[in-house]
>>> print(open('work.pdb').read())   # PDB, C-alpha atoms
ATOM      1  CA  MET A   1     -82.193 -10.841  91.216
ATOM      2  CA  LYS A   2     -80.988  -8.029  88.972
ATOM      3  CA  ARG A   3     -83.580  -5.855  87.290
ATOM      4  CA  ALA A   4     -82.078  -6.452  83.836
ATOM      5  CA  THR A   5     -79.209  -8.145  82.016
ATOM      6  CA  VAL A   6     -77.569  -6.595  78.948
ATOM      7  CA  ILE A   7     -76.269  -9.376  76.681
ATOM      8  CA  ILE A   8     -73.610  -8.717  74.044
ATOM      9  CA  PRO A   9     -72.589 -11.679  71.846
ATOM     10  CA  THR A  10     -69.191 -11.306  70.239
ATOM     11  CA  TYR A  11     -66.799 -13.168  67.984
ATOM     12  CA  ASN A  12     -63.272 -11.844  67.574
ATOM     13  CA  GLY A  13     -64.505  -8.484  68.788
ATOM     14  CA  ALA A  14     -61.458  -7.405  70.818
ATOM     15  CA  ALA A  15     -60.882  -4.362  68.615
ATOM     16  CA  ARG A  16     -64.505  -3.138  68.572
ATOM     17  CA  ILE A  17     -66.265  -4.120  71.802
ATOM     18  CA  GLY A  18     -64.546  -1.531  74.025
ATOM     19  CA  PRO A  19     -66.709   1.489  73.095
ATOM     20  CA  CYS A  20     -69.873  -0.562  73.620
ATOM     21  CA  LEU A  21     -68.879  -1.674  77.115
ATOM     22  CA  ARG A  22     -67.486   1.729  78.032
ATOM     23  CA  ALA A  23     -70.816   3.340  77.150
ATOM     24  CA  LEU A  24     -72.790   0.787  79.146
ATOM     25  CA  CYS A  25     -70.547   1.043  82.203
ATOM     26  CA  SER A  26     -70.985   4.821  82.255
ATOM     27  CA  MET A  27     -74.772   4.764  82.423
ATOM     28  CA  THR A  28     -76.496   5.732  85.648
ATOM     29  CA  GLY A  29     -78.417   2.953  87.342
ATOM     30  CA  VAL A  30     -76.068   0.321  85.948
ATOM     31  CA  GLU A  31     -75.576  -1.030  89.476
ATOM     32  CA  ASP A  32     -78.988  -2.716  89.110
ATOM     33  CA  VAL A  33     -78.086  -4.100  85.674
ATOM     34  CA  GLU A  34     -75.890  -7.077  84.856
ATOM     35  CA  LEU A  35     -73.505  -6.687  81.901
ATOM     36  CA  LEU A  36     -72.940 -10.046  80.241
ATOM     37  CA  VAL A  37     -70.623 -10.689  77.288
ATOM     38  CA  VAL A  38     -70.887 -14.057  75.534
ATOM     39  CA  ASP A  39     -67.647 -14.897  73.726
ATOM     40  CA  ASP A  40     -68.533 -17.118  70.771
ATOM     41  CA  GLY A  41     -65.240 -18.954  70.417
ATOM     42  CA  SER A  42     -63.028 -15.925  69.730
ATOM     43  CA  THR A  43     -59.310 -16.366  69.022
ATOM     44  CA  ASP A  44     -58.191 -12.747  69.466
ATOM     45  CA  GLY A  45     -58.396 -12.217  73.221
ATOM     46  CA  THR A  46     -61.932 -10.835  73.197
ATOM     47  CA  ALA A  47     -62.779 -12.461  76.535
ATOM     48  CA  GLU A  48     -59.800 -10.796  78.227
ATOM     49  CA  VAL A  49     -60.717  -7.382  76.826
ATOM     50  CA  ALA A  50     -64.328  -7.707  77.985
ATOM     51  CA  ALA A  51     -63.323  -8.968  81.436
ATOM     52  CA  SER A  52     -61.111  -5.899  81.949
ATOM     53  CA  PHE A  53     -64.223  -3.718  82.318
ATOM     54  CA  PRO A  54     -65.500  -3.476  85.891
ATOM     55  CA  GLY A  55     -68.678  -5.408  86.581
ATOM     56  CA  VAL A  56     -68.701  -7.231  83.229
ATOM     57  CA  ARG A  57     -69.298 -10.999  83.392
ATOM     58  CA  VAL A  58     -67.946 -13.073  80.507
ATOM     59  CA  LEU A  59     -69.281 -16.418  79.316
ATOM     60  CA  SER A  60     -67.499 -18.482  76.675
ATOM     61  CA  GLN A  61     -68.702 -21.126  74.255
ATOM     62  CA  ALA A  62     -67.360 -22.950  71.231
ATOM     63  CA  ASN A  63     -68.170 -21.016  68.077
ATOM     64  CA  ALA A  64     -71.867 -21.574  67.353
ATOM     65  CA  GLY A  65     -73.083 -18.198  66.090
ATOM     66  CA  PRO A  66     -74.724 -15.184  67.725
ATOM     67  CA  ALA A  67     -78.170 -16.798  68.079
ATOM     68  CA  ALA A  68     -76.723 -19.568  70.229
ATOM     69  CA  ALA A  69     -74.588 -17.033  72.104
ATOM     70  CA  ARG A  70     -77.608 -14.876  72.913
ATOM     71  CA  ASN A  71     -79.542 -17.944  74.034
ATOM     72  CA  LEU A  72     -76.706 -18.938  76.358
ATOM     73  CA  GLY A  73     -76.676 -15.439  77.778
ATOM     74  CA  ALA A  74     -80.434 -15.595  78.345
ATOM     75  CA  ARG A  75     -80.185 -18.890  80.203
ATOM     76  CA  GLU A  76     -77.417 -17.603  82.455
ATOM     77  CA  ALA A  77     -78.796 -14.081  82.970
ATOM     78  CA  SER A  78     -79.744 -12.917  86.439
ATOM     79  CA  GLY A  79     -82.075 -10.155  85.207
ATOM     80  CA  ASP A  80     -85.846 -10.315  84.779
ATOM     81  CA  ILE A  81     -85.474  -8.231  81.601
ATOM     82  CA  LEU A  82     -83.065  -9.173  78.803
ATOM     83  CA  LEU A  83     -81.551  -6.355  76.758
ATOM     84  CA  PHE A  84     -79.530  -7.149  73.649
ATOM     85  CA  THR A  85     -77.112  -5.082  71.599
ATOM     86  CA  ASP A  86     -74.192  -5.890  69.303
ATOM     87  CA  ASP A  87     -70.470  -5.499  69.895
ATOM     88  CA  ASP A  88     -70.195  -2.862  67.133
ATOM     89  CA  CYS A  89     -72.953  -0.700  68.645
ATOM     90  CA  VAL A  90     -72.447   2.125  71.149
ATOM     91  CA  PRO A  91     -75.531   2.696  73.316
ATOM     92  CA  GLN A  92     -76.229   6.402  73.633
ATOM     93  CA  PRO A  93     -76.965   8.250  76.897
ATOM     94  CA  GLY A  94     -80.385   7.278  78.193
ATOM     95  CA  TRP A  95     -80.521   4.007  76.216
ATOM     96  CA  LEU A  96     -80.752   1.828  79.297
ATOM     97  CA  SER A  97     -83.560   3.732  81.002
ATOM     98  CA  ALA A  98     -85.470   4.174  77.725
ATOM     99  CA  MET A  99     -85.336   0.438  76.993
ATOM    100  CA  LEU A 100     -86.502  -0.487  80.493
ATOM    101  CA  GLN A 101     -89.270   2.082  80.899
ATOM    102  CA  PRO A 102     -91.950   0.311  78.778
ATOM    103  CA  PHE A 103     -91.635  -2.845  80.888
ATOM    104  CA  ALA A 104     -93.290  -0.963  83.734
ATOM    105  CA  GLU A 105     -96.467  -1.859  81.846
ATOM    106  CA  GLY A 106     -97.205  -5.495  82.553
ATOM    107  CA  GLU A 107     -98.462  -6.357  79.068
ATOM    108  CA  VAL A 108     -95.246  -5.301  77.305
ATOM    109  CA  VAL A 109     -93.151  -8.344  76.376
ATOM    110  CA  GLY A 110     -90.602  -6.825  73.981
ATOM    111  CA  VAL A 111     -89.154  -3.470  72.943
ATOM    112  CA  LYS A 112     -87.073  -2.167  70.047
ATOM    113  CA  GLY A 113     -84.779   0.862  69.860
ATOM    114  CA  ILE A 114     -83.124   2.664  66.942
ATOM    115  CA  TYR A 115     -79.875   3.146  65.043
ATOM    116  CA  ARG A 116     -77.987   6.397  64.723
ATOM    117  CA  THR A 117     -74.690   7.053  62.959
ATOM    118  CA  ARG A 118     -72.035   9.761  62.894
ATOM    119  CA  GLN A 119     -70.792   8.814  59.431
ATOM    120  CA  ARG A 120     -70.705  11.341  56.614
ATOM    121  CA  GLN A 121     -70.240   9.010  53.646
ATOM    122  CA  LEU A 122     -73.111   9.332  51.189
ATOM    123  CA  THR A 123     -74.127   5.663  51.323
ATOM    124  CA  ALA A 124     -74.112   5.602  55.120
ATOM    125  CA  ARG A 125     -76.256   8.746  55.172
ATOM    126  CA  PHE A 126     -78.751   7.073  52.842
ATOM    127  CA  VAL A 127     -78.855   3.997  55.069
ATOM    128  CA  GLN A 128     -79.650   6.172  58.077
ATOM    129  CA  VAL A 129     -82.445   7.974  56.229
ATOM    130  CA  GLU A 130     -83.786   4.593  55.104
ATOM    131  CA  TYR A 131     -83.905   3.358  58.704
ATOM    132  CA  GLU A 132     -85.587   6.558  59.828
ATOM    133  CA  ASP A 133     -88.251   6.111  57.176
ATOM    134  CA  LYS A 134     -89.062   2.696  58.635
ATOM    135  CA  TYR A 135     -89.009   4.101  62.167
ATOM    136  CA  ARG A 136     -91.647   6.587  60.995
ATOM    137  CA  ILE A 137     -93.959   3.667  60.236
ATOM    138  CA  MET A 138     -93.327   1.958  63.563
ATOM    139  CA  ALA A 139     -93.747   5.143  65.602
ATOM    140  CA  ALA A 140     -97.337   5.439  64.382
ATOM    141  CA  LEU A 141     -98.276   1.959  65.614
ATOM    142  CA  PRO A 142     -99.453   1.014  69.129
ATOM    143  CA  ALA A 143     -97.595  -2.301  68.865
ATOM    144  CA  ILE A 144     -94.927  -3.812  66.605
ATOM    145  CA  ASP A 145     -93.941  -7.286  65.402
ATOM    146  CA  PHE A 146     -90.328  -6.641  64.379
ATOM    147  CA  ILE A 147     -87.441  -6.470  66.880
ATOM    148  CA  ASP A 148     -83.852  -6.736  65.655
ATOM    149  CA  THR A 149     -81.009  -7.431  68.035
ATOM    150  CA  TYR A 150     -78.980  -4.226  67.834
ATOM    151  CA  SER A 151     -81.373  -2.640  70.348
ATOM    152  CA  ALA A 152     -83.768  -5.267  71.680
ATOM    153  CA  GLY A 153     -85.406  -6.088  74.979
ATOM    154  CA  PHE A 154     -87.590  -8.954  76.225
ATOM    155  CA  ARG A 155     -89.049 -10.294  79.416
ATOM    156  CA  ARG A 156     -86.734 -13.193  80.235
ATOM    157  CA  GLU A 157     -89.584 -15.539  81.151
ATOM    158  CA  ARG A 158     -91.285 -15.042  77.790
ATOM    159  CA  PHE A 159     -88.008 -15.226  75.858
ATOM    160  CA  LEU A 160     -87.232 -18.603  77.419
ATOM    161  CA  GLU A 161     -90.797 -19.784  76.879
ATOM    162  CA  MET A 162     -90.400 -19.176  73.158
ATOM    163  CA  GLY A 163     -87.073 -20.982  73.079
ATOM    164  CA  GLY A 164     -85.102 -17.858  72.256
ATOM    165  CA  TYR A 165     -83.538 -17.274  68.859
ATOM    166  CA  ASP A 166     -83.724 -20.048  66.277
ATOM    167  CA  ALA A 167     -80.140 -21.298  66.023
ATOM    168  CA  SER A 168     -81.020 -23.334  62.910
ATOM    169  CA  PHE A 169     -80.434 -20.229  60.782
ATOM    170  CA  PRO A 170     -77.143 -21.054  59.026
ATOM    171  CA  VAL A 171     -75.907 -17.457  59.241
ATOM    172  CA  ALA A 172     -76.473 -14.542  61.596
ATOM    173  CA  CYS A 173     -79.323 -12.894  59.735
ATOM    174  CA  ALA A 174     -83.109 -12.712  60.269
ATOM    175  CA  GLU A 175     -83.171 -15.061  63.278
ATOM    176  CA  ASP A 176     -83.996 -12.026  65.416
ATOM    177  CA  ILE A 177     -86.889 -11.049  63.170
ATOM    178  CA  GLU A 178     -88.175 -14.627  63.201
ATOM    179  CA  LEU A 179     -88.387 -14.595  67.005
ATOM    180  CA  SER A 180     -90.432 -11.387  67.061
ATOM    181  CA  TYR A 181     -92.729 -12.824  64.384
ATOM    182  CA  ARG A 182     -93.344 -15.834  66.646
ATOM    183  CA  MET A 183     -94.015 -13.621  69.634
ATOM    184  CA  SER A 184     -96.440 -11.523  67.608
ATOM    185  CA  ALA A 185     -98.300 -14.675  66.571
ATOM    186  CA  CYS A 186     -98.904 -15.327  70.277
ATOM    187  CA  GLY A 187    -100.633 -11.965  70.572
ATOM    188  CA  TRP A 188     -97.927 -10.537  72.824
ATOM    189  CA  HIS A 189     -97.444  -6.774  73.012
ATOM    190  CA  MET A 190     -94.164  -5.299  71.718
ATOM    191  CA  ARG A 191     -93.291  -1.624  71.682
ATOM    192  CA  PHE A 192     -91.121   0.688  69.565
ATOM    193  CA  VAL A 193     -88.917   3.016  71.654
ATOM    194  CA  PRO A 194     -87.498   5.822  69.451
ATOM    195  CA  THR A 195     -85.578   7.364  72.363
ATOM    196  CA  ALA A 196     -83.441   4.221  72.853
ATOM    197  CA  ALA A 197     -80.578   4.800  70.415
ATOM    198  CA  VAL A 198     -77.346   2.978  69.662
ATOM    199  CA  CYS A 199     -74.664   4.434  67.403
ATOM    200  CA  HIS A 200     -73.628   2.141  64.548
ATOM    201  CA  THR A 201     -71.329   2.043  61.530
ATOM    202  CA  HIS A 202     -73.440   1.541  58.400
ATOM    203  CA  PRO A 203     -72.063   0.357  55.032
ATOM    204  CA  ALA A 204     -70.007   3.240  53.669
ATOM    205  CA  GLU A 205     -69.890   2.142  50.024
ATOM    206  CA  PRO A 206     -72.713   1.236  47.622
ATOM    207  CA  TRP A 207     -71.439  -2.301  47.033
ATOM    208  CA  GLY A 208     -71.409  -3.063  50.757
ATOM    209  CA  TYR A 209     -74.941  -1.717  51.089
ATOM    210  CA  LEU A 210     -76.257  -3.774  48.165
ATOM    211  CA  ARG A 211     -74.544  -6.913  49.441
ATOM    212  CA  LYS A 212     -76.215  -6.444  52.831
ATOM    213  CA  LYS A 213     -79.618  -5.917  51.203
ATOM    214  CA  PHE A 214     -79.164  -9.121  49.215
ATOM    215  CA  LYS A 215     -78.287 -11.015  52.394
ATOM    216  CA  PHE A 216     -81.209  -9.612  54.377
ATOM    217  CA  ALA A 217     -83.700 -10.469  51.624
ATOM    218  CA  TYR A 218     -82.225 -13.954  51.195
ATOM    219  CA  TRP A 219     -82.649 -14.886  54.858
ATOM    220  CA  ARG A 220     -85.926 -12.998  55.313
ATOM    221  CA  VAL A 221     -87.400 -15.610  52.968
ATOM    222  CA  PHE A 222     -86.400 -18.294  55.494
ATOM    223  CA  ALA A 223     -87.968 -16.317  58.357
ATOM    224  CA  LEU A 224     -91.182 -15.814  56.379
ATOM    225  CA  HIS A 225     -91.294 -19.484  55.444
ATOM    226  CA  LYS A 226     -91.478 -20.210  59.165
ATOM    227  CA  ASN A 227     -94.039 -17.406  59.696
ATOM    228  CA  PRO A 228     -96.095 -17.163  56.480
ATOM    229  CA  GLN A 229     -98.688 -14.949  58.158
ATOM    230  CA  LYS A 230     -96.161 -12.088  57.944
ATOM    231  CA  VAL A 231     -95.674 -12.255  54.163
ATOM    232  CA  ALA A 232     -98.400  -9.721  53.455
ATOM    233  CA  LYS A 233     -97.381  -7.136  56.050
ATOM    234  CA  ASP A 234     -95.272  -6.451  59.108
ATOM    235  CA  SER A 235     -94.669  -3.317  61.156
ATOM    236  CA  HIS A 236     -91.248  -2.535  59.652
ATOM    237  CA  THR A 237     -91.376  -3.154  55.904
ATOM    238  CA  PRO A 238     -92.851  -0.399  53.661
ATOM    239  CA  GLN A 239     -95.415  -1.803  51.268
ATOM    240  CA  LEU A 240     -93.979   0.278  48.405
ATOM    241  CA  MET A 241     -90.640  -1.468  48.913
ATOM    242  CA  LYS A 242     -92.317  -4.792  48.144
ATOM    243  CA  LEU A 243     -93.788  -3.336  44.966
ATOM    244  CA  GLN A 244     -90.364  -2.026  43.945
ATOM    245  CA  LEU A 245     -88.996  -5.582  44.087
ATOM    246  CA  LEU A 246     -90.735  -6.060  40.749
ATOM    247  CA  LEU A 247     -88.330  -3.653  39.021
ATOM    248  CA  LEU A 248     -85.891  -6.313  37.787
ATOM    249  CA  PRO A 249     -88.492  -8.810  36.503
ATOM    250  CA  ALA A 250     -90.484  -5.934  34.968
ATOM    251  CA  LEU A 251     -87.373  -4.741  33.120
ATOM    252  CA  LEU A 252     -86.744  -8.263  31.822
ATOM    253  CA  VAL A 253     -90.347  -8.591  30.631
ATOM    254  CA  ALA A 254     -90.175  -5.146  29.007
ATOM    255  CA  LEU A 255     -86.922  -6.077  27.290
ATOM    256  CA  LEU A 256     -88.487  -9.206  25.818
ATOM    257  CA  ALA A 257     -91.755  -7.500  24.881
ATOM    258  CA  GLY A 258     -89.949  -4.540  23.382
ATOM    259  CA  ALA A 259     -87.713  -6.782  21.315
ATOM    260  CA  LEU A 260     -90.716  -8.683  19.994
ATOM    261  CA  THR A 261     -92.812  -5.619  19.204
ATOM    262  CA  GLY A 262     -90.059  -3.251  18.108
ATOM    263  CA  ARG A 263     -90.947  -0.799  20.867
ATOM    264  CA  LEU A 264     -88.043  -1.428  23.187
ATOM    265  CA  LEU A 265     -87.544   2.144  24.360
ATOM    266  CA  LEU A 266     -91.248   2.590  25.069
ATOM    267  CA  ALA A 267     -91.432  -0.656  27.057
ATOM    268  CA  LEU A 268     -88.321   0.058  29.101
ATOM    269  CA  GLY A 269     -89.260   3.705  29.567
ATOM    270  CA  SER A 270     -92.673   2.754  30.925
ATOM    271  CA  VAL A 271     -91.128   0.491  33.567
ATOM    272  CA  VAL A 272     -88.554   3.103  34.575
ATOM    273  CA  LEU A 273     -91.225   5.801  34.803
ATOM    274  CA  ALA A 274     -93.471   3.617  36.963
ATOM    275  CA  PHE A 275     -90.556   2.875  39.267
ATOM    276  CA  LEU A 276     -89.598   6.545  39.550
ATOM    277  CA  ILE A 277     -93.175   7.400  40.499
ATOM    278  CA  SER A 278     -93.012   4.775  43.258
ATOM    279  CA  THR A 279     -89.910   6.485  44.711
ATOM    280  CA  VAL A 280     -91.527   9.917  45.022
ATOM    281  CA  PRO A 281     -92.900   9.499  48.578
ATOM    282  CA  PHE A 282     -89.524   8.393  49.978
ATOM    283  CA  THR A 283     -87.679  11.095  48.050
ATOM    284  CA  VAL A 284     -90.007  13.822  49.304
ATOM    285  CA  ARG A 285     -89.482  12.704  52.908
ATOM    286  CA  ALA A 286     -85.705  12.381  52.446
ATOM    287  CA  LEU A 287     -85.050  15.772  50.841
ATOM    288  CA  PRO A 288     -85.583  17.913  53.981
ATOM    289  CA  LYS A 289     -83.340  15.602  56.022
ATOM    290  CA  ASP A 290     -80.484  15.431  53.539
ATOM    291  CA  PRO A 291     -80.937  17.153  50.152
ATOM    292  CA  LEU A 292     -78.166  15.222  48.414
ATOM    293  CA  VAL A 293     -79.389  11.861  49.715
ATOM    294  CA  GLY A 294     -82.930  12.788  48.772
ATOM    295  CA  SER A 295     -81.879  13.754  45.239
ATOM    296  CA  LEU A 296     -80.052  10.472  44.730
ATOM    297  CA  SER A 297     -82.681   8.319  46.470
ATOM    298  CA  PRO A 298     -84.170   6.919  43.216
ATOM    299  CA  LEU A 299     -80.752   5.484  42.298
ATOM    300  CA  PHE A 300     -80.246   3.954  45.732
ATOM    301  CA  LEU A 301     -83.793   2.559  45.722
ATOM    302  CA  ALA A 302     -83.292   1.046  42.274
ATOM    303  CA  GLY A 303     -80.116  -0.683  43.432
ATOM    304  CA  ARG A 304     -81.909  -1.862  46.564
ATOM    305  CA  ALA A 305     -84.807  -3.259  44.532
ATOM    306  CA  VAL A 306     -82.502  -5.275  42.276
ATOM    307  CA  ALA A 307     -80.395  -6.591  45.179
ATOM    308  CA  GLN A 308     -83.458  -7.560  47.189
ATOM    309  CA  CYS A 309     -85.141  -9.234  44.234
ATOM    310  CA  MET A 310     -82.032 -11.326  43.651
ATOM    311  CA  GLY A 311     -81.924 -12.091  47.376
ATOM    312  CA  VAL A 312     -85.545 -13.287  47.351
ATOM    313  CA  VAL A 313     -84.849 -15.541  44.375
ATOM    314  CA  GLY A 314     -81.751 -16.896  46.123
ATOM    315  CA  GLY A 315     -83.718 -17.466  49.325
ATOM    316  CA  LEU A 316     -86.447 -19.377  47.489
ATOM    317  CA  LEU A 317     -83.833 -21.574  45.793
ATOM    318  CA  TYR A 318     -82.243 -22.198  49.191
ATOM    319  CA  LEU A 319     -85.607 -23.330  50.588
ATOM    320  CA  MET A 320     -86.128 -25.649  47.627
ATOM    321  CA  ARG A 321     -82.717 -27.248  48.147
ATOM    322  CA  ARG A 322     -83.284 -27.496  51.893
ATOM    323  CA  GLU A 323     -86.671 -29.147  51.503
ATOM    324  CA  GLU A 324     -85.252 -31.645  49.035
ATOM    325  CA  ALA A 325     -82.579 -32.582  51.567
ATOM    326  CA  VAL A 326     -84.770 -32.509  54.691
ATOM    327  CA  PRO A 327     -88.498 -31.866  54.212
ATOM    328  CA  MET A 328     -89.539 -28.918  56.404
ATOM    329  CA  SER A 329     -92.859 -28.808  58.214
ATOM    330  CA  THR A 330     -94.881 -25.633  57.771
ATOM    331  CA  THR A 331     -97.148 -26.515  60.683
ATOM    332  CA  PRO A 332     -96.933 -23.740  63.297
ATOM    333  CA  VAL A 333     -95.020 -24.787  66.393
ATOM    334  CA  PRO A 334     -97.115 -24.357  69.560
ATOM    335  CA  ARG A 335     -96.039 -21.678  72.001
ATOM    336  CA  GLY A 336     -93.501 -22.867  74.497
ATOM    337  CA  SER A 337     -92.519 -26.007  72.555
ATOM    338  CA  HIS A 338     -89.195 -24.550  71.352
ATOM    339  CA  GLN A 339     -86.222 -25.414  73.477
ATOM    340  CA  LEU A 340     -83.043 -23.421  73.989
TER
END
>>> encode(input="work.pdb", output="structure tokens")
Amino acid sequence: MKRATVIIPTYNGAARIGPCLRALCSMTGVEDVELLVVDDGSTDGTAEVAASFPGVRVLSQANAGPAAARNLGAREASGDILLFTDDDCVPQPGWLSAMLQPFAEGEVVGVKGIYRTRQRQLTARFVQVEYEDKYRIMAALPAIDFIDTYSAGFRRERFLEMGGYDASFPVACAEDIELSYRMSACGWHMRFVPTAAVCHTHPAEPWGYLRKKFKFAYWRVFALHKNPQKVAKDSHTPQLMKLQLLLLPALLVALLAGALTGRLLLALGSVVLAFLISTVPFTVRALPKDPLVGSLSPLFLAGRAVAQCMGVVGGLLYLMRREEAVPMSTTPVPRGSHQL
């Protein structure tokens, strides 16, 4: 039995998976770790590229999405510990040992690492600072409830007990968060590991960033519908960010009220001022890291708030349509009743 299995799901990843596998193959101690690539129905020769790396085992399935691919990898893994990363991530030196170290403590069921980037585009730099601000929250907690797949680890036995990732998510978004919410509901201990870093390419342009924020918010609604106990708070989401989601509806209310009372500028100005005040803590923390990003943070945060608000509305409409088609039970599913 291997100590751990690293699982990388991929779809048409021939052009991007090489750096990920090269980094993993170069890590010391890899002889006790299985490297497993799950090809999710690629048509570009991904399986052949992955198989060309020494010691890499490749599994193939008809295209079913990364959740199903990760679940297949978990079923076929020979390791007691499952480590996940993505085909566009490059694990940094020490990632493997840092991810495995917390499992020396018997109560630890899951771990989460961090993103880094080498990009210099302004939007990508903001994204990195935004992640680091959330890592700041997690680093202060003894346990977390939020593990996303770019740098994730679980005890295989517990992962299988929970049924793995929920493949009913129509797109690859938030199914990883939903699993960690379920594990947290069981009272299981999960740990943040800030020394376990993978290098990633963040959105380089504002439109790409806002589109991603819309998508994340849209599908987070689905994850929270399945785990309503996490609506109020989780270990990753800043509470001020939730308050900032009110920017768009507040502006609409101010526009209507201002038009009716003849005090349009006052109404709109009050909303803008309140929002700017809410951005001060993030801006103050961002300025020492990157002065330009910090200076422009209120603009980025305003765009984020609007995109996320629209995503939440879209997610709620999706749930309404889904429930009309197939009524969804909100009764919690008992531990261990999910099946891969």
>>> resolve_selection(input="work.pdb", expression="the PyMOL selection byres ((chain A and resi 295-306) around 6)", output="JSON, numbers by chain")
{"A": [244, 245, 248, 279, 283, 292, 293, 294, 307, 308, 309]}
>>> write_last_selection(input="work.pdb", atoms="C-alpha atoms", output="mmCIF file, in the frame of the given file")
data_model
loop_
_atom_site.group_PDB
_atom_site.id
_atom_site.type_symbol
_atom_site.label_atom_id
_atom_site.label_comp_id
_atom_site.auth_asym_id
_atom_site.auth_seq_id
_atom_site.Cartn_x
_atom_site.Cartn_y
_atom_site.Cartn_z
ATOM 1 C CA GLN A 244 -90.364 -2.026 43.945
ATOM 2 C CA LEU A 245 -88.996 -5.582 44.087
ATOM 3 C CA LEU A 248 -85.891 -6.313 37.787
ATOM 4 C CA THR A 279 -89.910 6.485 44.711
ATOM 5 C CA THR A 283 -87.679 11.095 48.050
ATOM 6 C CA LEU A 292 -78.166 15.222 48.414
ATOM 7 C CA VAL A 293 -79.389 11.861 49.715
ATOM 8 C CA GLY A 294 -82.930 12.788 48.772
ATOM 9 C CA ALA A 307 -80.395 -6.591 45.179
ATOM 10 C CA GLN A 308 -83.458 -7.560 47.189
ATOM 11 C CA CYS A 309 -85.141 -9.234 44.234
#
>>> closest_residue(input="work.pdb", among="A:Met27, A:Ile8, A:Ala15, A:Ile144", to="His236 in chain A", atoms="all atoms listed in the file")
A:Ile144
>>> resolve_selection(input="work.pdb", expression="the PyMOL selection byres ((chain A and resi 55) around 10)", output="JSON, numbers by chain")
{"A": [25, 30, 31, 33, 34, 35, 36, 50, 51, 52, 53, 54, 56, 57, 58]}
>>> atom_distance(input="work.pdb", atom1="CA of Ala250 in chain A", atom2="CA of Leu268 in chain A")
8.7 Å
>>> residues_around(input="work.pdb", residues="Pro228 in chain A", least_positions_apart="2", cutoff="12 Å", atoms="all atoms listed in the file", output="MDAnalysis selection string")
chainID A and resid 178 181:182 185 220:226 230:234 330:332
>>> resolve_selection(input="work.pdb", expression="the PyMOL selection byres ((chain A and resi 41) around 8)", output="number ranges by chain")
A: 11-12, 39-40, 42-43, 60-64
>>> residues_around(input="work.pdb", residues="Ile17 in chain A", least_positions_apart="3", cutoff="12 Å", atoms="all atoms listed in the file", output="PyMOL selection string")
chain A and resi 8-14+20-24+37-39+45-53+85-91
>>> closest_residue(input="work.pdb", among="A:Ile7, A:Val127, A:Ala286, A:Leu316", to="His200 in chain A", atoms="only C-alpha atoms")
A:Val127
>>> atom_distance(input="work.pdb", atom1="CA of Met183 in chain A", atom2="CA of Phe146 in chain A")
9.5 Å
>>> closest_residue(input="work.pdb", among="A:Ala68, A:Leu317, A:Val253, A:Ala196", to="Gln92 in chain A", atoms="only C-alpha atoms")
A:Ala196
>>> atom_distance(input="work.pdb", atom1="CA of Gly153 in chain A", atom2="CA of Gly94 in chain A")
14.6 Å
>>> closest_residue(input="work.pdb", among="A:Leu83, A:Ala217, A:Val284, A:Cys173", to="Val129 in chain A", atoms="all atoms listed in the file")
A:Val284
